[in-house]
Structures are given as structure tokens and as C-alpha cells.
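K.L.:
Sharing target-v4.pdb here; it has PDB, C-alpha atoms.
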ATOM      1  CA  MET A 319      80.935  22.831 138.704  1.00  0.00           C
ATOM      2  CA  THR A 320      82.504  19.600 140.038  1.00  0.00           C
ATOM      3  CA  ARG A 321      79.213  18.655 141.731  1.00  0.00           C
ATOM      4  CA  LEU A 322      77.305  19.273 138.510  1.00  0.00           C
ATOM      5  CA  LEU A 323      79.735  17.096 136.547  1.00  0.00           C
ATOM      6  CA  ALA A 324      79.538  14.322 139.168  1.00  0.00           C
ATOM      7  CA  LEU A 325      75.719  14.441 139.137  1.00  0.00           C
ATOM      8  CA  PHE A 326      75.649  14.315 135.334  1.00  0.00           C
ATOM      9  CA  THR A 327      78.062  11.350 135.275  1.00  0.00           C
ATOM     10  CA  ALA A 328      76.050   9.484 137.915  1.00  0.00           C
ATOM     11  CA  SER A 329      72.798  10.014 136.014  1.00  0.00           C
ATOM     12  CA  LEU A 330      74.392   8.687 132.812  1.00  0.00           C
ATOM     13  CA  MET A 331      75.633   5.605 134.649  1.00  0.00           C
ATOM     14  CA  LEU A 332      72.198   4.920 136.129  1.00  0.00           C
ATOM     15  CA  ALA A 333      70.488   5.406 132.784  1.00  0.00           C
ATOM     16  CA  SER A 334      72.800   2.911 131.114  1.00  0.00           C
ATOM     17  CA  CYS A 335      71.926   0.164 133.614  1.00  0.00           C
ATOM     18  CA  ASN A 336      68.594  -0.491 131.902  1.00  0.00           C
ATOM     19  CA  ASP A 337      69.489   0.675 128.403  1.00  0.00           C
ATOM     20  CA  PRO A 338      68.430  -1.847 125.709  1.00  0.00           C
ATOM     21  CA  SER A 339      71.175  -0.464 123.491  1.00  0.00           C
ATOM     22  CA  GLY A 340      73.744  -2.332 125.578  1.00  0.00           C
ATOM     23  CA  SER A 341      75.791   0.696 126.591  1.00  0.00           C
ATOM     24  CA  ALA A 342      76.050  -0.779 130.101  1.00  0.00           C
ATOM     25  CA  GLY A 343      78.786  -3.064 128.800  1.00  0.00           C
ATOM     26  CA  GLY A 344      76.779  -6.072 127.638  1.00  0.00           C
ATOM     27  CA  PRO A 345      75.522  -6.757 124.142  1.00  0.00           C
ATOM     28  CA  SER A 346      72.621  -4.664 122.900  1.00  0.00           C
ATOM     29  CA  LEU A 347      69.308  -6.276 122.085  1.00  0.00           C
ATOM     30  CA  GLN A 348      70.040  -5.530 118.427  1.00  0.00           C
ATOM     31  CA  GLU A 349      73.366  -7.382 118.648  1.00  0.00           C
ATOM     32  CA  LEU A 350      71.490 -10.405 120.007  1.00  0.00           C
ATOM     33  CA  ALA A 351      69.114 -10.452 117.014  1.00  0.00           C
ATOM     34  CA  THR A 352      70.874 -13.385 115.353  1.00  0.00           C
ATOM     35  CA  GLY A 353      70.120 -17.053 114.789  1.00  0.00           C
ATOM     36  CA  THR A 354      66.650 -17.913 116.010  1.00  0.00           C
ATOM     37  CA  LEU A 355      66.134 -14.238 116.983  1.00  0.00           C
ATOM     38  CA  GLU A 356      67.204 -12.732 113.637  1.00  0.00           C
ATOM     39  CA  LYS A 357      63.728 -11.223 113.114  1.00  0.00           C
ATOM     40  CA  LEU A 358      63.789  -9.409 116.476  1.00  0.00           C
ATOM     41  CA  GLU A 359      62.725  -5.805 115.939  1.00  0.00           C
ATOM     42  CA  VAL A 360      64.367  -3.563 118.536  1.00  0.00           C
ATOM     43  CA  PHE A 361      62.769  -0.146 118.939  1.00  0.00           C
ATOM     44  CA  PRO A 362      65.044   2.940 118.931  1.00  0.00           C
ATOM     45  CA  ALA A 363      63.329   3.988 122.172  1.00  0.00           C
ATOM     46  CA  PRO A 364      61.146   1.753 124.375  1.00  0.00           C
ATOM     47  CA  ARG A 365      57.391   2.426 124.194  1.00  0.00           C
ATOM     48  CA  PRO A 366      54.571   2.077 126.677  1.00  0.00           C
ATOM     49  CA  LEU A 367      52.869  -1.315 126.609  1.00  0.00           C
ATOM     50  CA  PRO A 368      49.718  -1.373 124.465  1.00  0.00           C
ATOM     51  CA  GLU A 369      46.679  -0.309 126.479  1.00  0.00           C
ATOM     52  CA  VAL A 370      44.629  -3.475 126.200  1.00  0.00           C
ATOM     53  CA  MET A 371      42.594  -5.339 128.766  1.00  0.00           C
ATOM     54  CA  ILE A 372      43.450  -8.956 129.566  1.00  0.00           C
ATOM     55  CA  THR A 373      42.640 -11.398 132.345  1.00  0.00           C
ATOM     56  CA  ALA A 374      45.276 -12.851 134.636  1.00  0.00           C
ATOM     57  CA  GLY A 375      45.116 -16.562 135.464  1.00  0.00           C
ATOM     58  CA  ASP A 376      41.810 -17.577 137.035  1.00  0.00           C
ATOM     59  CA  GLU A 377      40.686 -13.989 137.528  1.00  0.00           C
ATOM     60  CA  GLU A 378      37.701 -12.877 135.512  1.00  0.00           C
ATOM     61  CA  ALA A 379      38.069  -9.136 136.098  1.00  0.00           C
ATOM     62  CA  PRO A 380      40.106  -7.584 133.286  1.00  0.00           C
ATOM     63  CA  VAL A 381      43.269  -5.600 133.978  1.00  0.00           C
ATOM     64  CA  THR A 382      45.538  -3.668 131.663  1.00  0.00           C
ATOM     65  CA  LEU A 383      48.542  -5.443 130.223  1.00  0.00           C
ATOM     66  CA  ALA A 384      50.775  -3.013 132.161  1.00  0.00           C
ATOM     67  CA  GLN A 385      49.033  -3.972 135.421  1.00  0.00           C
ATOM     68  CA  ALA A 386      49.573  -7.678 134.756  1.00  0.00           C
ATOM     69  CA  VAL A 387      53.121  -7.520 133.395  1.00  0.00           C
ATOM     70  CA  GLN A 388      55.879  -6.054 135.473  1.00  0.00           C
ATOM     71  CA  GLY A 389      59.221  -5.685 133.709  1.00  0.00           C
ATOM     72  CA  PRO A 390      61.650  -7.082 132.927  1.00  0.00           C
ATOM     73  CA  ALA A 391      59.824  -9.890 131.158  1.00  0.00           C
ATOM     74  CA  LEU A 392      58.864 -11.553 127.918  1.00  0.00           C
ATOM     75  CA  VAL A 393      55.216 -11.593 126.812  1.00  0.00           C
ATOM     76  CA  ASN A 394      54.370 -14.384 124.384  1.00  0.00           C
ATOM     77  CA  LEU A 395      51.101 -14.464 122.431  1.00  0.00           C
ATOM     78  CA  TRP A 396      49.996 -18.010 121.641  1.00  0.00           C
ATOM     79  CA  ALA A 397      47.013 -20.266 120.976  1.00  0.00           C
ATOM     80  CA  THR A 398      46.326 -23.970 121.440  1.00  0.00           C
ATOM     81  CA  TRP A 399      45.493 -24.302 117.727  1.00  0.00           C
ATOM     82  CA  CYS A 400      48.827 -22.739 116.640  1.00  0.00           C
ATOM     83  CA  ALA A 401      51.426 -25.479 115.957  1.00  0.00           C
ATOM     84  CA  PRO A 402      54.476 -23.129 116.037  1.00  0.00           C
ATOM     85  CA  CYS A 403      53.194 -21.640 119.312  1.00  0.00           C
ATOM     86  CA  VAL A 404      52.845 -25.045 120.934  1.00  0.00           C
ATOM     87  CA  LYS A 405      56.274 -26.067 119.644  1.00  0.00           C
ATOM     88  CA  GLU A 406      58.033 -23.105 121.304  1.00  0.00           C
ATOM     89  CA  LEU A 407      56.186 -23.198 124.661  1.00  0.00           C
ATOM     90  CA  PRO A 408      58.572 -25.714 126.320  1.00  0.00           C
ATOM     91  CA  SER A 409      61.670 -23.695 125.380  1.00  0.00           C
ATOM     92  CA  LEU A 410      60.061 -20.520 126.754  1.00  0.00           C
ATOM     93  CA  ALA A 411      59.334 -22.321 130.030  1.00  0.00           C
ATOM     94  CA  GLU A 412      62.875 -23.690 130.188  1.00  0.00           C
ATOM     95  CA  LEU A 413      64.277 -20.209 129.520  1.00  0.00           C
ATOM     96  CA  SER A 414      62.234 -18.810 132.408  1.00  0.00           C
ATOM     97  CA  GLU A 415      63.352 -21.590 134.747  1.00  0.00           C
ATOM     98  CA  GLN A 416      67.017 -21.322 133.747  1.00  0.00           C
ATOM     99  CA  THR A 417      67.340 -17.526 133.846  1.00  0.00           C
ATOM    100  CA  GLY A 418      64.622 -16.400 136.267  1.00  0.00           C
ATOM    101  CA  LEU A 419      63.134 -14.113 133.613  1.00  0.00           C
ATOM    102  CA  PRO A 420      59.343 -13.870 134.057  1.00  0.00           C
ATOM    103  CA  ILE A 421      57.543 -15.008 130.915  1.00  0.00           C
ATOM    104  CA  TYR A 422      53.848 -14.330 130.414  1.00  0.00           C
ATOM    105  CA  ALA A 423      51.943 -16.619 128.051  1.00  0.00           C
ATOM    106  CA  VAL A 424      48.967 -14.674 126.660  1.00  0.00           C
ATOM    107  CA  ALA A 425      46.399 -17.094 125.249  1.00  0.00           C
ATOM    108  CA  ILE A 426      44.473 -15.381 122.463  1.00  0.00           C
ATOM    109  CA  GLU A 427      41.399 -17.576 122.662  1.00  0.00           C
ATOM    110  CA  ARG A 428      38.260 -17.966 124.714  1.00  0.00           C
ATOM    111  CA  GLY A 429      39.295 -21.085 126.649  1.00  0.00           C
ATOM    112  CA  LYS A 430      38.783 -21.277 130.393  1.00  0.00           C
ATOM    113  CA  ALA A 431      41.840 -20.642 132.570  1.00  0.00           C
ATOM    114  CA  ALA A 432      41.812 -24.186 133.984  1.00  0.00           C
ATOM    115  CA  LYS A 433      41.791 -25.716 130.498  1.00  0.00           C
ATOM    116  CA  LEU A 434      44.582 -23.424 129.291  1.00  0.00           C
ATOM    117  CA  SER A 435      46.672 -24.071 132.420  1.00  0.00           C
ATOM    118  CA  ALA A 436      46.264 -27.814 131.884  1.00  0.00           C
ATOM    119  CA  PHE A 437      47.345 -27.369 128.264  1.00  0.00           C
ATOM    120  CA  LEU A 438      50.506 -25.530 129.385  1.00  0.00           C
ATOM    121  CA  GLU A 439      51.238 -28.278 131.912  1.00  0.00           C
ATOM    122  CA  GLN A 440      50.673 -30.993 129.312  1.00  0.00           C
ATOM    123  CA  HIS A 441      53.205 -29.272 127.027  1.00  0.00           C
ATOM    124  CA  ASN A 442      55.903 -28.814 129.706  1.00  0.00           C
ATOM    125  CA  ALA A 443      55.223 -25.092 129.989  1.00  0.00           C
ATOM    126  CA  SER A 444      53.698 -24.708 133.446  1.00  0.00           C
ATOM    127  CA  ALA A 445      56.554 -22.343 134.424  1.00  0.00           C
ATOM    128  CA  LEU A 446      54.903 -19.665 132.277  1.00  0.00           C
ATOM    129  CA  THR A 447      52.449 -17.201 133.806  1.00  0.00           C
ATOM    130  CA  LEU A 448      49.099 -17.545 132.062  1.00  0.00           C
ATOM    131  CA  LEU A 449      47.270 -14.443 130.863  1.00  0.00           C
ATOM    132  CA  ARG A 450      44.178 -14.507 128.637  1.00  0.00           C
ATOM    133  CA  ASP A 451      43.122 -12.228 125.806  1.00  0.00           C
ATOM    134  CA  PRO A 452      39.852 -13.805 124.608  1.00  0.00           C
ATOM    135  CA  ASP A 453      38.959 -10.775 122.486  1.00  0.00           C
ATOM    136  CA  GLN A 454      42.360 -10.839 120.721  1.00  0.00           C
ATOM    137  CA  ALA A 455      42.859  -7.157 121.513  1.00  0.00           C
ATOM    138  CA  LEU A 456      46.634  -7.477 121.916  1.00  0.00           C
ATOM    139  CA  PRO A 457      47.384  -8.900 118.440  1.00  0.00           C
ATOM    140  CA  VAL A 458      45.166  -6.178 116.968  1.00  0.00           C
ATOM    141  CA  ALA A 459      46.988  -3.454 118.946  1.00  0.00           C
ATOM    142  CA  LEU A 460      50.341  -4.858 117.793  1.00  0.00           C
ATOM    143  CA  GLU A 461      49.110  -5.209 114.205  1.00  0.00           C
ATOM    144  CA  ALA A 462      50.469  -8.755 114.370  1.00  0.00           C
ATOM    145  CA  ARG A 463      50.271 -10.800 111.196  1.00  0.00           C
ATOM    146  CA  GLY A 464      49.931 -14.012 113.188  1.00  0.00           C
ATOM    147  CA  VAL A 465      51.177 -15.867 116.239  1.00  0.00           C
ATOM    148  CA  PRO A 466      53.411 -16.615 117.990  1.00  0.00           C
ATOM    149  CA  VAL A 467      54.536 -13.109 118.860  1.00  0.00           C
ATOM    150  CA  THR A 468      56.951 -12.318 121.666  1.00  0.00           C
ATOM    151  CA  MET A 469      57.321  -8.885 123.247  1.00  0.00           C
ATOM    152  CA  VAL A 470      60.412  -7.857 125.220  1.00  0.00           C
ATOM    153  CA  VAL A 471      59.538  -5.716 128.254  1.00  0.00           C
ATOM    154  CA  ASP A 472      62.362  -3.770 129.897  1.00  0.00           C
ATOM    155  CA  ALA A 473      62.954  -3.175 133.620  1.00  0.00           C
ATOM    156  CA  GLN A 474      60.742  -0.064 133.551  1.00  0.00           C
ATOM    157  CA  GLY A 475      57.818  -2.052 132.099  1.00  0.00           C
ATOM    158  CA  ARG A 476      58.245  -0.599 128.602  1.00  0.00           C
ATOM    159  CA  PHE A 477      57.919  -2.408 125.275  1.00  0.00           C
ATOM    160  CA  ALA A 478      61.512  -2.588 123.964  1.00  0.00           C
ATOM    161  CA  ALA A 479      61.461  -5.189 121.178  1.00  0.00           C
ATOM    162  CA  TYR A 480      59.169  -7.488 119.239  1.00  0.00           C
ATOM    163  CA  LEU A 481      59.548 -10.855 117.524  1.00  0.00           C
ATOM    164  CA  GLU A 482      56.969 -12.313 115.147  1.00  0.00           C
ATOM    165  CA  GLY A 483      57.224 -16.030 114.595  1.00  0.00           C
ATOM    166  CA  GLU A 484      58.603 -19.061 116.350  1.00  0.00           C
ATOM    167  CA  ALA A 485      61.988 -19.147 118.077  1.00  0.00           C
ATOM    168  CA  ASN A 486      64.022 -21.700 119.963  1.00  0.00           C
ATOM    169  CA  TRP A 487      64.254 -19.905 123.298  1.00  0.00           C
ATOM    170  CA  MET A 488      67.066 -22.113 124.576  1.00  0.00           C
ATOM    171  CA  GLU A 489      69.566 -21.142 121.870  1.00  0.00           C
ATOM    172  CA  VAL A 490      72.583 -19.126 123.005  1.00  0.00           C
ATOM    173  CA  GLU A 491      71.276 -15.790 121.700  1.00  0.00           C
ATOM    174  CA  ALA A 492      67.898 -16.256 123.417  1.00  0.00           C
ATOM    175  CA  VAL A 493      69.557 -17.023 126.771  1.00  0.00           C
ATOM    176  CA  SER A 494      71.801 -13.973 126.256  1.00  0.00           C
ATOM    177  CA  LEU A 495      68.707 -11.882 125.457  1.00  0.00           C
ATOM    178  CA  ALA A 496      67.047 -13.030 128.701  1.00  0.00           C
ATOM    179  CA  LYS A 497      70.155 -12.118 130.689  1.00  0.00           C
ATOM    180  CA  ALA A 498      70.370  -8.721 128.943  1.00  0.00           C
ATOM    181  CA  VAL A 499      66.698  -8.012 129.693  1.00  0.00           C
ATOM    182  CA  LEU A 500      67.318  -8.931 133.333  1.00  0.00           C
ATOM    183  CA  GLY A 501      70.194  -6.448 133.386  1.00  0.00           C
ATOM    184  CA  GLY A 502      73.079  -8.864 133.626  1.00  0.00           C
TER
END
Please render this file's structure as C-alpha cells.

P.N.:
Amino acid sequence: MTRLLALFTASLMLASCNDPSGSAGGPSLQELATGTLEKLEVFPAPRPLPEVMITAGDEEAPVTLAQAVQGPALVNLWATWCAPCVKELPSLAELSEQTGLPIYAVAIERGKAAKLSAFLEQHNASALTLLRDPDQALPVALEARGVPVTMVVDAQGRFAAYLEGEANWMEVEAVSLAKAVLGG
């Protein structure tokens, strides 16, 4: 009976290490949904990433979003023609550099990888990992009303939360969110 209790306790402790509810001792994702992140929708239980095909960087062969994005991470949908998207790109890049959280910038347009990479560099966002969704399959799968959209991906590569609209990713709550997603 003691072994069973010890095993049960250990499994609970391990499960809480990557729990978006914050039971591991840090704030939950929902508690961090304030300020610039007040519209963050945290799912009661993380979901699989949408099964859409995208292209990674210069590659032309499509891969699934789950193949391209390994958690923990943020996935940001953007476009060069979207003023709020362009405005938030530098703060996303700075967040990635400051915290070490991988951030994937999914361009939802048909531009060539080199042109889109140059655009990110020109807007102080070259720290972001470029992905391309020229068919706009991801916004359709998410039923997004527009861009920018940012997805929170947990350590197991699951879709844990969703934010529609622009955010300042260097505000205190965004940095705390990045640290929570990273597990610390």
C-alpha cells in the first residue's frame, strides 16, 4: 500500500510540472491573462495542434504544424500587410531572446521565404523562426477572425491557449507567461 501511495504521489508531482493550470506552484496561464494578455483564452485541457500543412523556412515540402513546432513555444500568425502584426513582431522577438522561449512566426501569405525573412530582419524580428502558411489553412482551422493570433504550445506540444489580437510581448505578464510555458 505504501508503494502504491508513493507511486501515485510521484505521478501527481510529475503531472503538475507541465500543468498550464499553475498547480506546480507558479501562476496559471489564466492568472496571467491580464493587461496586454487579458483576451488570452486558456483551454480547460490542452488540445492537439491543428492538423494543417505548413512550410518551414526555405523548405518547399510541407510538414504538419506539429512536426514544425516542438513545445514549449508560441506560434504567432502574421502578415506583412497587417499593421498590428508588424507592430508586435519586435516585442515577440525580444521575448524569445530574453526568455529562450521558441517563437514561430507563421506568415499567412504567399511570399517567398527569403522575402519574408528579410521583412522580419528589417522589423527587428529575425530571432523568430519563420514558418509559412500560403494557403491560410491555420487561420481557417482556428476559426480566427483576423490576425495577429498567438497560440501557446505546452511542453508536450499541445495547444494550451489562444490570443486573438495584438499584444505587447515585453510587458510583465507576457514575460511571466513565457516563463510559465517554459516550466519555470

K.L.:
What residues come out when you apply the PyMOL selection byres ((chain A and resi 449) around 8) to this file, written as a VMD selection string?

P.N.:
chain A and resid 372 to 375 422 to 425 447 to 448 450 to 451

K.L.:
To one decimal place in Å, what is the distance between CA of Asn486 in chain A and CA of Val467 in chain A?

P.N.:
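Calculated distance between CA of Asn486 in chain A and CA of Val467 in chain A is 12.8 Å.
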
K.L.:
Within 10 Å of (53.3, -24.4, 131.0) (file coordinates; all atoms listed in the file), which protein or nucleic acid residues are there? I'd like them as a PyMOL selection string.

P.N.:
chain A and resi 407-408+410-412+423+434-448

K.L.:
Emit the selected residues as a PDB file, keeping the file's coordinate frame, including C-alpha atoms.

P.N.:
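Output file out-v8.pdb is given in full below:
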ATOM      1  CA  LEU A 407      56.186 -23.198 124.661  1.00  0.00           C
ATOM      2  CA  PRO A 408      58.572 -25.714 126.320  1.00  0.00           C
ATOM      3  CA  LEU A 410      60.061 -20.520 126.754  1.00  0.00           C
ATOM      4  CA  ALA A 411      59.334 -22.321 130.030  1.00  0.00           C
ATOM      5  CA  GLU A 412      62.875 -23.690 130.188  1.00  0.00           C
ATOM      6  CA  ALA A 423      51.943 -16.619 128.051  1.00  0.00           C
ATOM      7  CA  LEU A 434      44.582 -23.424 129.291  1.00  0.00           C
ATOM      8  CA  SER A 435      46.672 -24.071 132.420  1.00  0.00           C
ATOM      9  CA  ALA A 436      46.264 -27.814 131.884  1.00  0.00           C
ATOM     10  CA  PHE A 437      47.345 -27.369 128.264  1.00  0.00           C
ATOM     11  CA  LEU A 438      50.506 -25.530 129.385  1.00  0.00           C
ATOM     12  CA  GLU A 439      51.238 -28.278 131.912  1.00  0.00           C
ATOM     13  CA  GLN A 440      50.673 -30.993 129.312  1.00  0.00           C
ATOM     14  CA  HIS A 441      53.205 -29.272 127.027  1.00  0.00           C
ATOM     15  CA  ASN A 442      55.903 -28.814 129.706  1.00  0.00           C
ATOM     16  CA  ALA A 443      55.223 -25.092 129.989  1.00  0.00           C
ATOM     17  CA  SER A 444      53.698 -24.708 133.446  1.00  0.00           C
ATOM     18  CA  ALA A 445      56.554 -22.343 134.424  1.00  0.00           C
ATOM     19  CA  LEU A 446      54.903 -19.665 132.277  1.00  0.00           C
ATOM     20  CA  THR A 447      52.449 -17.201 133.806  1.00  0.00           C
ATOM     21  CA  LEU A 448      49.099 -17.545 132.062  1.00  0.00           C
TER      22      LEU A 448
END

K.L.:
Using all atoms listed in the file, can you tell me which of A:Ala459, A:Ala431, A:Val499, A:Val490 comes closest to Glu378 in chain A?

P.N.:
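Nearest to Glu378 in chain A: A:Ala431.
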
K.L.:
Please enumerate the residues selected by the PyMOL selection byres ((chain A and resi 484) around 10) when evaluated against the supplied file, formatted as JSON, numbers by chain.

P.N.:
{"A": [354, 355, 357, 401, 402, 403, 404, 405, 406, 407, 465, 466, 467, 468, 481, 482, 483, 485, 486, 487]}

K.L.:
Since we have the selection now, will you write its residues out, keeping C-alpha atoms, as an mmCIF file, in the coordinates of the input?

P.N.:
data_model
loop_
_atom_site.group_PDB
_atom_site.id
_atom_site.type_symbol
_atom_site.label_atom_id
_atom_site.label_comp_id
_atom_site.auth_asym_id
_atom_site.auth_seq_id
_atom_site.Cartn_x
_atom_site.Cartn_y
_atom_site.Cartn_z
ATOM 1 C CA THR A 354 66.650 -17.913 116.010
ATOM 2 C CA LEU A 355 66.134 -14.238 116.983
ATOM 3 C CA LYS A 357 63.728 -11.223 113.114
ATOM 4 C CA ALA A 401 51.426 -25.479 115.957
ATOM 5 C CA PRO A 402 54.476 -23.129 116.037
ATOM 6 C CA CYS A 403 53.194 -21.640 119.312
ATOM 7 C CA VAL A 404 52.845 -25.045 120.934
ATOM 8 C CA LYS A 405 56.274 -26.067 119.644
ATOM 9 C CA GLU A 406 58.033 -23.105 121.304
ATOM 10 C CA LEU A 407 56.186 -23.198 124.661
ATOM 11 C CA VAL A 465 51.177 -15.867 116.239
ATOM 12 C CA PRO A 466 53.411 -16.615 117.990
ATOM 13 C CA VAL A 467 54.536 -13.109 118.860
ATOM 14 C CA THR A 468 56.951 -12.318 121.666
ATOM 15 C CA LEU A 481 59.548 -10.855 117.524
ATOM 16 C CA GLU A 482 56.969 -12.313 115.147
ATOM 17 C CA GLY A 483 57.224 -16.030 114.595
ATOM 18 C CA ALA A 485 61.988 -19.147 118.077
ATOM 19 C CA ASN A 486 64.022 -21.700 119.963
ATOM 20 C CA TRP A 487 64.254 -19.905 123.298
#

K.L.:
Quick check, in Å to one decimal: how far apart do CA of Ala496 in chain A and CA of Leu419 in chain A lie?

P.N.:
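Atom-to-atom, CA of Ala496 in chain A to CA of Leu419 in chain A, that is 6.4 Å.
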
K.L.:
For range 392-415 of chain A, where the input has fewer atoms than it should, I would like N, CA, C and O atoms rebuilt and written as a PDB file, in the coordinates of the input.

P.N.:
ATOM      1  N   LEU A 392      59.286 -11.282 129.286  1.00  0.00           N
ATOM      2  CA  LEU A 392      58.864 -11.553 127.918  1.00  0.00           C
ATOM      3  C   LEU A 392      57.363 -11.800 127.975  1.00  0.00           C
ATOM      4  O   LEU A 392      56.854 -12.372 128.950  1.00  0.00           O
ATOM      5  N   VAL A 393      56.655 -11.363 126.942  1.00  0.00           N
ATOM      6  CA  VAL A 393      55.216 -11.593 126.812  1.00  0.00           C
ATOM      7  C   VAL A 393      55.023 -12.330 125.495  1.00  0.00           C
ATOM      8  O   VAL A 393      55.353 -11.792 124.436  1.00  0.00           O
ATOM      9  N   ASN A 394      54.526 -13.554 125.571  1.00  0.00           N
ATOM     10  CA  ASN A 394      54.370 -14.384 124.384  1.00  0.00           C
ATOM     11  C   ASN A 394      52.896 -14.599 124.087  1.00  0.00           C
ATOM     12  O   ASN A 394      52.152 -15.071 124.944  1.00  0.00           O
ATOM     13  N   LEU A 395      52.471 -14.241 122.876  1.00  0.00           N
ATOM     14  CA  LEU A 395      51.101 -14.464 122.431  1.00  0.00           C
ATOM     15  C   LEU A 395      51.046 -15.826 121.759  1.00  0.00           C
ATOM     16  O   LEU A 395      51.885 -16.120 120.890  1.00  0.00           O
ATOM     17  N   TRP A 396      50.080 -16.648 122.147  1.00  0.00           N
ATOM     18  CA  TRP A 396      49.996 -18.010 121.641  1.00  0.00           C
ATOM     19  C   TRP A 396      48.552 -18.470 121.608  1.00  0.00           C
ATOM     20  O   TRP A 396      47.663 -17.801 122.130  1.00  0.00           O
ATOM     21  N   ALA A 397      48.335 -19.637 121.004  1.00  0.00           N
ATOM     22  CA  ALA A 397      47.013 -20.266 120.976  1.00  0.00           C
ATOM     23  C   ALA A 397      47.194 -21.777 120.906  1.00  0.00           C
ATOM     24  O   ALA A 397      48.192 -22.261 120.357  1.00  0.00           O
ATOM     25  N   THR A 398      46.234 -22.505 121.443  1.00  0.00           N
ATOM     26  CA  THR A 398      46.326 -23.970 121.440  1.00  0.00           C
ATOM     27  C   THR A 398      46.284 -24.537 120.025  1.00  0.00           C
ATOM     28  O   THR A 398      46.838 -25.596 119.769  1.00  0.00           O
ATOM     29  N   TRP A 399      45.630 -23.841 119.101  1.00  0.00           N
ATOM     30  CA  TRP A 399      45.493 -24.302 117.727  1.00  0.00           C
ATOM     31  C   TRP A 399      46.676 -23.916 116.844  1.00  0.00           C
ATOM     32  O   TRP A 399      46.721 -24.256 115.670  1.00  0.00           O
ATOM     33  N   CYS A 400      47.675 -23.231 117.398  1.00  0.00           N
ATOM     34  CA  CYS A 400      48.827 -22.739 116.640  1.00  0.00           C
ATOM     35  C   CYS A 400      50.016 -23.681 116.846  1.00  0.00           C
ATOM     36  O   CYS A 400      50.637 -23.681 117.913  1.00  0.00           O
ATOM     37  N   ALA A 401      50.340 -24.499 115.836  1.00  0.00           N
ATOM     38  CA  ALA A 401      51.426 -25.479 115.957  1.00  0.00           C
ATOM     39  C   ALA A 401      52.777 -24.841 116.306  1.00  0.00           C
ATOM     40  O   ALA A 401      53.468 -25.331 117.205  1.00  0.00           O
ATOM     41  N   PRO A 402      53.199 -23.739 115.651  1.00  0.00           N
ATOM     42  CA  PRO A 402      54.476 -23.129 116.037  1.00  0.00           C
ATOM     43  C   PRO A 402      54.471 -22.604 117.477  1.00  0.00           C
ATOM     44  O   PRO A 402      55.486 -22.661 118.167  1.00  0.00           O
ATOM     45  N   CYS A 403      53.316 -22.120 117.923  1.00  0.00           N
ATOM     46  CA  CYS A 403      53.194 -21.640 119.312  1.00  0.00           C
ATOM     47  C   CYS A 403      53.442 -22.780 120.285  1.00  0.00           C
ATOM     48  O   CYS A 403      54.224 -22.660 121.233  1.00  0.00           O
ATOM     49  N   VAL A 404      52.749 -23.886 120.048  1.00  0.00           N
ATOM     50  CA  VAL A 404      52.845 -25.045 120.934  1.00  0.00           C
ATOM     51  C   VAL A 404      54.273 -25.588 120.924  1.00  0.00           C
ATOM     52  O   VAL A 404      54.806 -25.976 121.964  1.00  0.00           O
ATOM     53  N   LYS A 405      54.909 -25.562 119.767  1.00  0.00           N
ATOM     54  CA  LYS A 405      56.274 -26.067 119.644  1.00  0.00           C
ATOM     55  C   LYS A 405      57.257 -25.261 120.491  1.00  0.00           C
ATOM     56  O   LYS A 405      58.185 -25.817 121.075  1.00  0.00           O
ATOM     57  N   GLU A 406      57.067 -23.931 120.572  1.00  0.00           N
ATOM     58  CA  GLU A 406      58.033 -23.105 121.304  1.00  0.00           C
ATOM     59  C   GLU A 406      57.729 -22.965 122.794  1.00  0.00           C
ATOM     60  O   GLU A 406      58.586 -22.526 123.555  1.00  0.00           O
ATOM     61  N   LEU A 407      56.543 -23.344 123.247  1.00  0.00           N
ATOM     62  CA  LEU A 407      56.186 -23.198 124.661  1.00  0.00           C
ATOM     63  C   LEU A 407      57.188 -23.854 125.620  1.00  0.00           C
ATOM     64  O   LEU A 407      57.602 -23.223 126.602  1.00  0.00           O
ATOM     65  N   PRO A 408      57.619 -25.104 125.378  1.00  0.00           N
ATOM     66  CA  PRO A 408      58.572 -25.714 126.320  1.00  0.00           C
ATOM     67  C   PRO A 408      59.896 -24.958 126.424  1.00  0.00           C
ATOM     68  O   PRO A 408      60.457 -24.838 127.513  1.00  0.00           O
ATOM     69  N   SER A 409      60.389 -24.424 125.308  1.00  0.00           N
ATOM     70  CA  SER A 409      61.670 -23.695 125.380  1.00  0.00           C
ATOM     71  C   SER A 409      61.492 -22.363 126.104  1.00  0.00           C
ATOM     72  O   SER A 409      62.409 -21.914 126.800  1.00  0.00           O
ATOM     73  N   LEU A 410      60.330 -21.742 125.981  1.00  0.00           N
ATOM     74  CA  LEU A 410      60.061 -20.520 126.754  1.00  0.00           C
ATOM     75  C   LEU A 410      60.053 -20.827 128.256  1.00  0.00           C
ATOM     76  O   LEU A 410      60.634 -20.097 129.052  1.00  0.00           O
ATOM     77  N   ALA A 411      59.395 -21.930 128.620  1.00  0.00           N
ATOM     78  CA  ALA A 411      59.334 -22.321 130.030  1.00  0.00           C
ATOM     79  C   ALA A 411      60.732 -22.642 130.563  1.00  0.00           C
ATOM     80  O   ALA A 411      61.091 -22.238 131.674  1.00  0.00           O
ATOM     81  N   GLU A 412      61.518 -23.347 129.767  1.00  0.00           N
ATOM     82  CA  GLU A 412      62.875 -23.690 130.188  1.00  0.00           C
ATOM     83  C   GLU A 412      63.731 -22.434 130.337  1.00  0.00           C
ATOM     84  O   GLU A 412      64.526 -22.321 131.272  1.00  0.00           O
ATOM     85  N   LEU A 413      63.552 -21.479 129.423  1.00  0.00           N
ATOM     86  CA  LEU A 413      64.277 -20.209 129.520  1.00  0.00           C
ATOM     87  C   LEU A 413      63.940 -19.496 130.820  1.00  0.00           C
ATOM     88  O   LEU A 413      64.823 -18.991 131.519  1.00  0.00           O
ATOM     89  N   SER A 414      62.656 -19.461 131.175  1.00  0.00           N
ATOM     90  CA  SER A 414      62.234 -18.810 132.408  1.00  0.00           C
ATOM     91  C   SER A 414      62.841 -19.509 133.622  1.00  0.00           C
ATOM     92  O   SER A 414      63.347 -18.850 134.540  1.00  0.00           O
ATOM     93  N   GLU A 415      62.797 -20.831 133.616  1.00  0.00           N
ATOM     94  CA  GLU A 415      63.352 -21.590 134.747  1.00  0.00           C
ATOM     95  C   GLU A 415      64.859 -21.412 134.867  1.00  0.00           C
ATOM     96  O   GLU A 415      65.393 -21.272 135.960  1.00  0.00           O
TER      97      GLU A 415
END
